[in-house]
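Colleague: This is model_12.pdb, which holds PDB, C-alpha atoms:
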```
ATOM      1  CA  MET T   9       6.387 -19.446   1.629  1.00  0.00           C
ATOM      2  CA  LEU T  10       4.280 -16.702   3.194  1.00  0.00           C
ATOM      3  CA  VAL T  11       0.692 -17.228   4.226  1.00  0.00           C
ATOM      4  CA  CYS T  12      -1.828 -14.486   3.477  1.00  0.00           C
ATOM      5  CA  LYS T  13      -1.749 -13.079   7.011  1.00  0.00           C
ATOM      6  CA  GLU T  14       2.018 -12.558   6.797  1.00  0.00           C
ATOM      7  CA  ALA T  15       1.763 -11.137   3.259  1.00  0.00           C
ATOM      8  CA  THR T  16      -0.842  -8.544   4.230  1.00  0.00           C
ATOM      9  CA  ARG T  17       1.279  -7.603   7.240  1.00  0.00           C
ATOM     10  CA  LEU T  18       4.247  -7.012   4.922  1.00  0.00           C
ATOM     11  CA  VAL T  19       2.106  -4.937   2.558  1.00  0.00           C
ATOM     12  CA  SER T  20       1.127  -2.742   5.503  1.00  0.00           C
ATOM     13  CA  LEU T  21       4.671  -2.586   6.880  1.00  0.00           C
ATOM     14  CA  GLY T  22       5.942  -1.596   3.458  1.00  0.00           C
ATOM     15  CA  MET T  23       3.841   1.551   3.692  1.00  0.00           C
ATOM     16  CA  ASP T  24       5.693   2.607   6.837  1.00  0.00           C
ATOM     17  CA  ARG T  25       9.245   1.476   6.183  1.00  0.00           C
ATOM     18  CA  PRO T  26      11.365  -0.028   3.431  1.00  0.00           C
ATOM     19  CA  LEU T  27      11.097  -3.806   3.372  1.00  0.00           C
ATOM     20  CA  THR T  28      14.266  -5.879   3.563  1.00  0.00           C
ATOM     21  CA  LEU T  29      15.343  -7.673   0.415  1.00  0.00           C
ATOM     22  CA  SER T  30      14.150 -10.960   1.888  1.00  0.00           C
ATOM     23  CA  GLU T  31      10.751  -9.478   2.737  1.00  0.00           C
ATOM     24  CA  GLN T  32      10.426  -7.988  -0.748  1.00  0.00           C
ATOM     25  CA  VAL T  33      11.211 -11.292  -2.442  1.00  0.00           C
ATOM     26  CA  GLN T  34       8.853 -13.281  -0.233  1.00  0.00           C
ATOM     27  CA  LEU T  35       6.064 -10.769  -0.757  1.00  0.00           C
ATOM     28  CA  ARG T  36       6.521 -10.638  -4.534  1.00  0.00           C
ATOM     29  CA  VAL T  37       6.409 -14.429  -4.766  1.00  0.00           C
ATOM     30  CA  HIS T  38       3.256 -14.552  -2.676  1.00  0.00           C
ATOM     31  CA  LEU T  39       1.577 -11.753  -4.649  1.00  0.00           C
ATOM     32  CA  ALA T  40       2.419 -13.542  -7.893  1.00  0.00           C
ATOM     33  CA  ILE T  41       0.309 -16.517  -6.854  1.00  0.00           C
ATOM     34  CA  CYS T  42      -2.382 -14.987  -4.597  1.00  0.00           C
ATOM     35  CA  SER T  43      -5.028 -12.813  -6.229  1.00  0.00           C
ATOM     36  CA  GLY T  44      -6.638 -11.970  -2.874  1.00  0.00           C
ATOM     37  CA  CYS T  45      -3.439 -10.461  -1.522  1.00  0.00           C
ATOM     38  CA  ARG T  46      -2.779  -8.689  -4.848  1.00  0.00           C
ATOM     39  CA  ASN T  47      -6.200  -7.072  -4.523  1.00  0.00           C
ATOM     40  CA  PHE T  48      -5.496  -6.146  -0.903  1.00  0.00           C
ATOM     41  CA  SER T  49      -2.177  -4.579  -1.915  1.00  0.00           C
ATOM     42  CA  ARG T  50      -3.800  -2.557  -4.720  1.00  0.00           C
ATOM     43  CA  GLN T  51      -6.563  -1.359  -2.412  1.00  0.00           C
ATOM     44  CA  VAL T  52      -4.157  -0.321   0.348  1.00  0.00           C
ATOM     45  CA  HIS T  53      -2.001   1.601  -2.135  1.00  0.00           C
ATOM     46  CA  LEU T  54      -5.069   3.260  -3.667  1.00  0.00           C
ATOM     47  CA  LEU T  55      -6.401   4.299  -0.245  1.00  0.00           C
ATOM     48  CA  ARG T  56      -3.040   5.793   0.666  1.00  0.00           C
ATOM     49  CA  LYS T  57      -2.859   7.686  -2.640  1.00  0.00           C
ATOM     50  CA  LEU T  58      -6.402   9.029  -2.269  1.00  0.00           C
ATOM     51  CA  SER T  59      -5.763  10.037   1.337  1.00  0.00           C
ATOM     52  CA  ARG T  60      -2.674  11.983   0.312  1.00  0.00           C
ATOM     53  CA  GLN T  61      -4.604  13.716  -2.470  1.00  0.00           C
ATOM     54  CA  LEU T  62      -7.314  14.690  -0.012  1.00  0.00           C
ATOM     55  CA  VAL T  63      -4.778  16.103   2.442  1.00  0.00           C
ATOM     56  CA  ASP T  64      -2.987  17.953  -0.369  1.00  0.00           C
ATOM     57  CA  ARG T  65      -6.309  19.354  -1.597  1.00  0.00           C
ATOM     58  CA  ASP T  66      -7.196  20.572   1.904  1.00  0.00           C
ATOM     59  CA  ASP T  67      -3.815  22.316   2.155  1.00  0.00           C
ATOM     60  CA  GLN T  68      -4.516  24.351  -1.003  1.00  0.00           C
ATOM     61  CA  PRO T  69      -5.886  27.871  -0.672  1.00  0.00           C
ATOM     62  CA  PRO T  70      -9.554  28.195  -1.691  1.00  0.00           C
ATOM     63  CA  GLN T  71     -10.193  28.809  -5.381  1.00  0.00           C
ATOM     64  CA  ASP T  72     -12.793  31.204  -6.774  1.00  0.00           C
ATOM     65  CA  GLY T  73     -16.142  29.473  -6.590  1.00  0.00           C
ATOM     66  CA  ASP T  74     -15.162  27.137  -3.727  1.00  0.00           C
TER      67      ASP T  74
END
```
Spell out the structure here as structure tokens.

Modeller:
Amino acid sequence: MLVCKEATRLVSLGMDRPLTLSEQVQLRVHLAICSGCRNFSRQVHLLRKLSRQLVDRDDQPPQDGD
């Protein structure tokens, strides 16, 4: 069973590379029982999504009124 430190490490690693099947299973089990790590995972994914949107927005040509 993973401890929170290992689970958060896997959440972060999963942003950079595909997790192995073993890592995925261990992480899913841990997230199923740990609300703190579930929240961490949601927050990390949200930050990544918002960062991408910001970068995409900055890559757009200026609109009238901007």

Colleague: Kindly indicate which residue among T:Cys45, T:Leu35, T:Ala40, T:Leu27 lies nearest to Cys12 (chain T), using only C-alpha atoms for the distances.

Modeller: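 Counting only C-alpha atoms, the residue closest to Cys12 (chain T) is T:Cys45.
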
Colleague: Between CA of Ser43 (chain T) and CA of Val19 (chain T), what is the spacing in Å?

Modeller: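 These two atoms are separated by 13.8 Å.
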
Colleague: Evaluate the PyMOL selection byres ((chain T and resi 9) around 8) on the structure here and hand back the selected residues as number ranges by chain.

Modeller: T: 10-11, 34, 38

Colleague: Return as a list in words the set of residues that the PyMOL selection byres ((chain T and resi 48-64) around 9) yields on the displayed structure.

Modeller: Thr16, Val19, Ser20, Met23, Leu39, Ser43, Gly44, Cys45, Arg46, Asn47, Arg65, Asp66, Asp67 and Gln68 of chain T

Colleague: Could you write out as AutoDock Vina command-line options the box around region 45-63 of chain T (axis-aligned, all atoms listed in the file, 5 Å on each side), with centre and edge lengths in Å to one decimal?

Modeller:
```
--center_x -4.7 --center_y 2.8 --center_z -1.2 --size_x 15.3 --size_y 36.6 --size_z 17.3
```

Colleague: CA of Cys42 (chain T) and CA of Glu14 (chain T), how far apart in Å?

Modeller: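 Going from CA of Glu14 (chain T) over to CA of Cys42 (chain T), I get 12.5 Å.
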